[in-house]
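To be precise, the following lines are input-v6.csv, and they hold CSV, C-alpha atoms.
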chain,number,residue,atom,x,y,z
A,27,MET,CA,158.1,161.0,111.8
A,28,PHE,CA,156.2,161.2,108.5
A,29,SER,CA,157.4,157.8,107.4
A,30,SER,CA,156.0,156.2,110.6
A,31,VAL,CA,152.7,158.0,110.1
A,32,ALA,CA,152.5,156.7,106.5
A,33,HIS,CA,153.3,153.2,107.8
A,34,LEU,CA,150.4,153.4,110.2
A,35,ALA,CA,148.1,154.7,107.5
A,36,ARG,CA,149.0,151.8,105.3
A,37,ALA,CA,148.3,149.5,108.2
A,38,ASN,CA,144.6,150.5,108.1
A,39,PRO,CA,142.8,147.3,109.2
A,40,PHE,CA,140.1,147.8,106.6
A,41,ASN,CA,142.5,147.6,103.6
A,42,ALA,CA,141.7,145.1,100.9
A,43,PRO,CA,143.4,141.7,101.2
A,44,HIS,CA,145.9,142.3,98.4
A,45,LEU,CA,147.1,145.5,100.1
A,46,GLN,CA,147.7,143.8,103.4
A,47,LEU,CA,150.0,141.0,102.3
A,48,VAL,CA,153.1,143.1,102.4
A,49,GLN,CA,152.3,145.2,105.5
A,50,ASP,CA,151.6,142.0,107.5
A,51,GLY,CA,155.3,141.8,108.0
A,52,LEU,CA,155.5,138.0,107.5
A,53,ALA,CA,157.8,137.9,104.6
A,54,GLY,CA,160.7,136.7,106.7
A,55,PRO,CA,164.1,138.4,107.0
A,56,ARG,CA,164.2,142.1,106.1
A,57,SER,CA,166.6,143.0,103.4
A,58,SER,CA,167.6,146.0,101.3
A,59,PRO,CA,169.3,146.1,97.9
A,60,ASP,CA,172.4,147.9,99.3
A,61,GLY,CA,173.0,145.8,102.4
A,62,PRO,CA,172.8,142.4,104.0
A,63,PRO,CA,169.5,141.1,105.3
A,64,GLY,CA,168.4,142.2,108.7
A,65,PRO,CA,167.5,140.0,111.6
A,66,PRO,CA,164.5,137.8,111.0
A,67,ARG,CA,161.2,138.7,112.6
A,68,ARG,CA,160.4,136.8,115.8
A,69,THR,CA,157.7,134.3,115.2
A,70,ARG,CA,155.1,133.2,117.8
A,71,ASN,CA,155.5,129.7,119.1
A,72,LEU,CA,151.8,128.8,119.1
A,73,ALA,CA,152.4,125.1,119.5
A,74,ALA,CA,154.4,125.7,122.6
A,75,ALA,CA,151.7,128.0,123.9
A,76,ALA,CA,149.0,125.4,123.3
A,77,VAL,CA,151.0,122.8,125.2
A,78,GLU,CA,151.6,125.1,128.2
A,79,GLU,CA,147.9,126.1,128.5
A,80,GLN,CA,145.3,123.4,129.2
A,81,TYR,CA,141.9,124.2,127.9
A,82,SER,CA,138.6,123.0,129.3
A,83,CYS,CA,137.2,122.2,125.8
A,84,ASP,CA,138.0,122.2,122.1
A,85,TYR,CA,137.6,125.4,120.1
A,86,GLY,CA,134.4,125.2,118.2
A,87,SER,CA,132.9,122.5,120.3
A,88,GLY,CA,129.3,122.6,121.7
A,89,ARG,CA,130.6,123.3,125.2
A,90,PHE,CA,132.7,126.2,123.8
A,91,PHE,CA,129.7,127.8,122.2
A,92,ILE,CA,127.5,127.3,125.3
A,93,LEU,CA,130.1,128.9,127.6
A,94,CYS,CA,130.6,131.8,125.1
A,95,GLY,CA,126.9,132.4,125.2
A,96,LEU,CA,127.1,132.4,129.0
A,97,GLY,CA,129.8,135.0,128.8
A,98,GLY,CA,127.5,137.1,126.6
A,99,ILE,CA,124.7,136.8,129.1
A,100,ILE,CA,126.9,138.0,132.0
A,101,SER,CA,128.6,140.8,130.0
A,102,CYS,CA,125.5,142.3,128.4
A,103,GLY,CA,122.9,141.6,131.1
A,104,THR,CA,125.0,143.2,133.9
A,105,THR,CA,126.3,146.2,132.1
A,106,HIS,CA,123.0,147.3,130.6
A,107,THR,CA,121.2,146.8,133.9
A,108,ALA,CA,123.8,148.9,135.7
A,109,LEU,CA,123.1,151.7,133.3
A,110,VAL,CA,119.2,151.6,133.7
A,111,PRO,CA,119.0,155.0,135.5
A,112,LEU,CA,121.0,156.7,132.7
A,113,ASP,CA,119.0,154.8,130.1
A,114,LEU,CA,115.7,155.8,131.7
A,115,VAL,CA,116.5,159.5,131.7
A,116,LYS,CA,117.8,159.3,128.1
A,117,CYS,CA,114.6,157.6,126.9
A,118,ARG,CA,112.5,160.3,128.6
A,119,MET,CA,114.5,163.1,127.0
A,120,GLN,CA,113.9,161.7,123.5
A,121,VAL,CA,111.0,163.0,121.5
A,122,CYS,CA,108.6,160.1,121.1
A,123,ILE,CA,106.3,160.4,118.1
A,124,GLU,CA,103.3,158.2,117.7
A,125,MET,CA,100.2,158.2,115.5
A,126,THR,CA,97.5,160.1,117.4
A,127,THR,CA,95.0,157.3,116.5
A,128,LEU,CA,96.9,155.0,118.9
A,129,ASN,CA,96.0,157.4,121.7
A,130,ILE,CA,99.3,156.8,123.6
A,131,SER,CA,100.4,159.4,126.1
A,132,PHE,CA,104.2,159.6,126.2
A,133,VAL,CA,106.4,161.6,128.6
A,134,ASP,CA,106.5,165.3,127.7
A,135,PRO,CA,110.0,165.6,126.1
A,136,ASN,CA,110.2,169.3,127.1
A,137,LYS,CA,110.0,168.3,130.7
A,138,TYR,CA,113.6,167.0,130.8
A,139,LYS,CA,116.1,169.7,129.8
A,140,GLY,CA,119.3,167.6,130.3
A,141,ILE,CA,120.8,164.6,131.9
A,142,PHE,CA,121.3,166.1,135.4
A,143,ASN,CA,117.9,167.8,135.2
A,144,GLY,CA,116.3,164.5,134.3
A,145,PHE,CA,117.9,162.7,137.3
A,146,SER,CA,116.7,165.5,139.6
A,147,ILE,CA,113.1,165.4,138.3
A,148,THR,CA,113.0,161.6,138.5
A,149,LEU,CA,114.3,161.6,142.1
A,150,LYS,CA,111.8,164.3,143.1
A,151,GLU,CA,108.8,162.5,141.6
A,152,ASP,CA,109.6,158.8,142.0
A,153,GLY,CA,112.4,158.6,144.6
A,154,VAL,CA,115.5,156.5,144.2
A,155,ARG,CA,113.4,153.4,143.2
A,156,GLY,CA,112.1,155.4,140.2
A,157,LEU,CA,115.6,155.3,138.7
A,158,ALA,CA,115.4,151.6,138.5
A,159,LYS,CA,112.2,151.5,136.5
A,160,GLY,CA,112.5,148.9,133.7
A,161,TRP,CA,115.4,147.0,135.2
A,162,ALA,CA,113.8,143.6,134.9
A,163,PRO,CA,113.0,143.7,131.1
A,164,THR,CA,116.5,145.3,130.6
A,165,PHE,CA,118.3,142.5,132.5
A,166,ILE,CA,116.3,139.7,130.8
A,167,GLY,CA,116.3,141.3,127.3
A,168,TYR,CA,119.9,142.2,127.2
A,169,SER,CA,121.0,138.8,128.7
A,170,LEU,CA,119.2,137.1,125.9
A,171,GLN,CA,120.7,139.5,123.4
A,172,GLY,CA,124.2,138.8,124.8
A,173,LEU,CA,123.6,135.1,124.6
A,174,CYS,CA,122.9,135.4,120.9
A,175,LYS,CA,125.2,138.3,120.1
A,176,PHE,CA,128.4,136.7,121.5
A,177,GLY,CA,127.4,133.0,121.3
A,178,PHE,CA,126.2,133.1,117.7
A,179,TYR,CA,129.1,135.3,116.7
A,180,GLU,CA,131.5,132.5,117.6
A,181,VAL,CA,129.2,130.0,115.8
A,182,PHE,CA,129.0,132.0,112.6
A,183,LYS,CA,132.7,132.9,112.7
A,184,VAL,CA,133.7,129.2,112.8
A,185,LEU,CA,131.0,128.4,110.2
A,186,TYR,CA,132.0,131.1,107.7
A,187,SER,CA,135.7,130.4,108.3
A,188,ASN,CA,135.2,126.7,107.3
A,189,MET,CA,133.2,127.8,104.3
A,190,LEU,CA,135.9,130.1,103.1
A,191,GLY,CA,138.9,127.9,103.9
A,192,GLU,CA,142.0,128.8,105.8
A,193,GLU,CA,143.6,131.1,103.3
A,194,ASN,CA,140.5,133.1,102.3
A,195,ALA,CA,139.4,133.3,106.0
A,196,TYR,CA,142.7,135.1,106.7
A,197,LEU,CA,142.7,137.3,103.6
A,198,TRP,CA,139.0,138.4,104.1
A,199,ARG,CA,139.0,138.3,107.9
A,200,THR,CA,137.5,141.8,108.3
A,201,SER,CA,134.6,140.8,106.0
A,202,LEU,CA,134.3,137.6,108.0
A,203,TYR,CA,134.0,139.5,111.3
A,204,LEU,CA,131.4,141.8,109.7
A,205,ALA,CA,129.3,138.9,108.3
A,206,ALA,CA,129.5,136.8,111.5
A,207,SER,CA,128.5,139.8,113.7
A,208,ALA,CA,125.6,140.8,111.5
A,209,SER,CA,124.2,137.3,111.4
A,210,ALA,CA,124.5,137.0,115.2
A,211,GLU,CA,122.8,140.4,115.8
A,212,PHE,CA,119.9,139.5,113.6
A,213,PHE,CA,118.9,136.7,116.0
A,214,ALA,CA,120.0,138.8,119.1
A,215,ASP,CA,117.5,141.5,118.3
A,216,ILE,CA,114.7,139.0,117.9
A,217,ALA,CA,115.5,137.8,121.4
A,218,LEU,CA,115.7,141.4,122.7
A,219,ALA,CA,112.6,142.9,121.0
A,220,PRO,CA,109.9,141.8,123.5
A,221,MET,CA,111.7,143.0,126.6
A,222,GLU,CA,112.8,146.2,124.9
A,223,ALA,CA,109.2,147.0,124.0
A,224,ALA,CA,108.1,146.4,127.6
A,225,LYS,CA,110.9,148.5,128.9
A,226,VAL,CA,110.1,151.5,126.7
A,227,ARG,CA,106.4,151.3,127.8
A,228,ILE,CA,107.4,151.2,131.5
A,229,GLN,CA,109.9,154.0,131.3
A,230,THR,CA,108.1,156.5,128.9
A,231,GLN,CA,104.4,156.0,129.4
A,232,PRO,CA,103.2,157.4,132.8
A,233,GLY,CA,100.7,155.2,134.6
A,234,TYR,CA,100.9,152.4,132.0
A,235,ALA,CA,102.8,149.9,134.2
A,236,ASN,CA,105.6,149.9,136.8
A,237,THR,CA,106.8,146.4,136.5
A,238,LEU,CA,107.3,143.8,133.8
A,239,ARG,CA,104.6,141.6,135.5
A,240,ASP,CA,102.1,144.4,134.9
A,241,ALA,CA,103.3,145.5,131.4
A,242,ALA,CA,103.6,142.2,129.6
A,243,PRO,CA,100.0,140.9,130.1
A,244,LYS,CA,98.6,144.4,129.4
A,245,MET,CA,100.6,144.7,126.1
A,246,TYR,CA,99.5,141.2,125.0
A,247,GLN,CA,95.9,141.9,125.8
A,248,GLU,CA,95.9,145.1,123.8
A,249,GLU,CA,97.8,144.1,120.7
A,250,GLY,CA,98.8,140.4,121.0
A,251,LEU,CA,102.3,139.2,120.0
A,252,LYS,CA,102.6,142.2,117.6
A,253,ALA,CA,103.1,144.5,120.6
A,254,PHE,CA,106.4,142.7,121.4
A,255,TYR,CA,107.8,142.5,117.9
A,256,LYS,CA,106.7,145.6,116.0
A,257,GLY,CA,110.0,147.3,117.0
A,258,VAL,CA,112.3,144.5,115.8
A,259,ALA,CA,112.9,146.2,112.4
A,260,PRO,CA,114.1,149.5,113.9
A,261,LEU,CA,116.3,147.4,116.2
A,262,TRP,CA,117.8,145.7,113.2
A,263,MET,CA,118.5,149.0,111.5
A,264,ARG,CA,120.1,150.4,114.6
A,265,GLN,CA,121.9,147.4,116.1
A,266,ILE,CA,123.2,145.4,113.2
A,267,PRO,CA,125.4,148.2,111.7
A,268,TYR,CA,126.6,149.1,115.2
A,269,THR,CA,127.4,145.5,116.1
A,270,MET,CA,129.2,144.9,112.8
A,271,MET,CA,131.6,147.8,113.5
A,272,LYS,CA,131.8,146.9,117.2
A,273,PHE,CA,133.1,143.4,116.5
A,274,ALA,CA,135.2,144.1,113.4
A,275,CYS,CA,136.9,147.1,115.0
A,276,PHE,CA,137.5,145.1,118.2
A,277,GLU,CA,139.1,142.2,116.4
A,278,ARG,CA,141.3,144.3,114.2
A,279,THR,CA,142.2,146.6,117.0
A,280,VAL,CA,143.4,143.7,119.1
A,281,GLU,CA,145.4,142.5,116.2
A,282,ALA,CA,147.0,145.9,115.7
A,283,LEU,CA,147.7,146.4,119.5
A,284,TYR,CA,149.6,143.1,119.6
A,285,LYS,CA,151.4,143.9,116.4
A,286,PHE,CA,152.4,147.6,117.0
A,287,VAL,CA,152.0,148.4,120.7
A,288,VAL,CA,152.4,145.3,122.9
A,289,PRO,CA,156.1,144.5,123.0
A,290,LYS,CA,155.6,140.7,123.1
A,291,PRO,CA,153.3,138.1,121.5
A,292,ARG,CA,150.0,137.3,123.2
A,293,SER,CA,151.2,133.8,124.0
A,294,GLU,CA,153.8,135.4,126.3
A,295,CYS,CA,151.4,137.9,128.0
A,296,SER,CA,149.9,137.1,131.3
A,297,LYS,CA,146.1,136.8,131.6
A,298,PRO,CA,145.8,140.2,133.3
A,299,GLU,CA,147.8,141.8,130.5
A,300,GLN,CA,145.6,140.1,127.9
A,301,LEU,CA,142.5,141.4,129.6
A,302,VAL,CA,143.9,145.0,129.7
A,303,VAL,CA,144.5,144.7,125.9
A,304,THR,CA,140.9,143.5,125.5
A,305,PHE,CA,139.5,146.5,127.5
A,306,VAL,CA,141.6,149.0,125.6
A,307,ALA,CA,140.6,147.5,122.3
A,308,GLY,CA,136.9,147.7,123.3
A,309,TYR,CA,137.3,151.4,124.1
A,310,ILE,CA,139.3,152.4,121.0
A,311,GLY,CA,136.7,150.8,118.7
A,312,VAL,CA,134.0,153.4,119.7
A,313,TRP,CA,135.9,156.5,120.5
A,314,LYS,CA,134.1,158.9,118.2
A,315,GLY,CA,131.0,160.8,119.2
A,316,LEU,CA,129.7,163.2,121.7
A,317,PHE,CA,131.1,163.3,125.2
A,318,ALA,CA,128.2,161.6,126.8
A,319,ARG,CA,128.1,158.9,124.2
A,320,ILE,CA,131.9,158.3,124.7
A,321,ILE,CA,131.3,157.8,128.4
A,322,MET,CA,128.3,155.6,128.1
A,323,ILE,CA,128.8,153.6,125.0
A,324,GLY,CA,132.6,153.5,125.3
A,325,THR,CA,132.6,152.3,128.8
A,326,LEU,CA,129.7,149.9,128.1
A,327,THR,CA,131.4,148.3,125.1
A,328,ALA,CA,134.8,148.1,126.8
A,329,LEU,CA,133.3,146.5,129.9
A,330,GLN,CA,131.3,144.0,127.8
A,331,TRP,CA,134.5,142.8,126.1
A,332,PHE,CA,136.4,142.7,129.4
A,333,ILE,CA,133.7,140.7,131.1
A,334,TYR,CA,133.3,138.4,128.1
A,335,ASP,CA,137.0,137.7,127.9
A,336,SER,CA,137.2,137.2,131.7
A,337,VAL,CA,134.5,134.5,131.4
A,338,LYS,CA,136.6,132.8,128.7
A,339,VAL,CA,139.7,133.0,131.0
A,340,TYR,CA,137.8,131.7,134.0
A,341,PHE,CA,136.4,128.7,132.2
A,342,ARG,CA,139.7,128.1,130.4
A,343,LEU,CA,138.2,128.4,127.0
A,344,PRO,CA,140.4,128.4,123.9
A,345,ARG,CA,141.2,132.0,122.9
A,346,PRO,CA,143.0,131.9,119.6
A,347,PRO,CA,145.8,134.5,119.1
A,348,PRO,CA,145.5,137.3,116.5
A,349,PRO,CA,145.4,135.7,113.0
A,350,GLU,CA,148.6,135.1,111.1
A,351,MET,CA,149.1,134.2,107.5
A,352,PRO,CA,148.7,130.5,106.8
A,353,GLU,CA,151.9,128.6,105.8
A,354,SER,CA,150.3,127.5,102.6
A,355,LEU,CA,149.6,131.1,101.6
A,356,LYS,CA,153.2,132.2,102.5
A,357,LYS,CA,154.5,129.5,100.2
A,358,LYS,CA,152.2,130.6,97.4
A,359,LEU,CA,153.4,134.1,97.7
A,360,GLY,CA,157.0,133.1,97.9
A,361,TYR,CA,157.5,134.3,101.4
A,362,THR,CA,158.9,130.9,102.5
A,363,GLN,CA,160.7,128.1,100.7

Would you mind writing the file out in structure tokens?
Amino acid sequence: MFSSVAHLARANPFNAPHLQLVQDGLAGPRSSPDGPPGPPRRTRNLAAAAVEEQYSCDYGSGRFFILCGLGGIISCGTTHTALVPLDLVKCRMQVCIEMTTLNISFVDPNKYKGIFNGFSITLKEDGVRGLAKGWAPTFIGYSLQGLCKFGFYEVFKVLYSNMLGEENAYLWRTSLYLAASASAEFFADIALAPMEAAKVRIQTQPGYANTLRDAAPKMYQEEGLKAFYKGVAPLWMRQIPYTMMKFACFERTVEALYKFVVPKPRSECSKPEQLVVTFVAGYIGVWKGLFARIIMIGTLTALQWFIYDSVKVYFRLPRPPPPEMPESLKKKLGYTQ
């Protein structure tokens, strides 16, 4: 039992490249000094899988990136909009601190004692429609964020992979995921910031505005464009680290699931089986935290990955299997002749 635990510990996906070379299990036949070599590890016939599956476009093409962006719009726009009632109560529960010179009247944070109490008060004061306050800027803002987050992630992943070369892209793949996701989120937050600013005003300032049509002109009249982008820096500080971990953990978790859990290569899994792995990987990547955060963020993240991958499946986009060590690197390390 302890040996298996030690093996999994060594298989930590955030290990440095030189510590991963042996544990990747690609050194060919297993052997021991006292006995004959064991059976060779089964390799994935990626060429055969590529022949069997006909894609609608080439990996890294313009159409590929556009459809990935569409997948991001659908996955982020729908999931965040579905959680507007919970987000509204959460925002009203938070203590909002502003300079008194701005003369902004926020919701009294002491009014909402908890999630269920917040729902009860909102229903009593505003009715069922009150729970949907801010849905329009949420849908528009997070659709734009999803477009940039997922679409640009694929762009930067291809760009940085080409800059590093095949071997270094494999060795430093975790750093590659972190850099690509951080770059994508930088632009995603710029796209999100105006709608997020309007949403917060609608949800937390009583009497300010009830709709995006009312809030946006009023904000522009009061502060100009600054009103829409003064929150972009806090968004970067909050969202970029989260997105880096979200994407890197997902990519390495998928790799680990196919390597240690799923009994067959991804090329032999059906599309529903692959989508189940996607959903599970999305959940595992964000399991730590308070119970409410597990439910909200875990479900949100898992659904986003599930919907995004479903869009890829629907449009028959190329979905590369988990990365494997390049043949040239195997030869350099003496793994193959």

### Task
Work out how far apart atom CA of Met263 of chain A and atom CA of Ala206 of chain A are and give it in Å to one decimal.
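Distance between the two atoms: 16.4 Å.
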
### Pairwise distance for atom CA of Arg118 of chain A and atom CA of Met271 of chain A, rounded to one decimal in Å
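A separation of 27.4 Å between them.
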
### Query
If you count all atoms listed in the file, which residues fall within 10 Å of Leu204 of chain A, apart from same-chain ones fewer than 5 positions away, as a list in words?
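That gives Tyr179, Lys183, Arg199, Ser209, Ile266, Pro267, Thr269, Met270, Met271, Lys272, Phe273, Ala274 and Cys275 of chain A.
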
### Task
May I ask which of the residues A:Val115, A:Glu249, A:Tyr309, A:Pro347 is the closest one to Cys295 of chain A, counting all atoms listed in the file?
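Closest to Cys295 of chain A of all the choices is A:Pro347.
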
### Query
How far is it from atom CA of Leu157 of chain A to atom CA of Tyr334 of chain A, in Å with one decimal?
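Between atom CA of Leu157 of chain A and atom CA of Tyr334 of chain A the gap is 26.7 Å.
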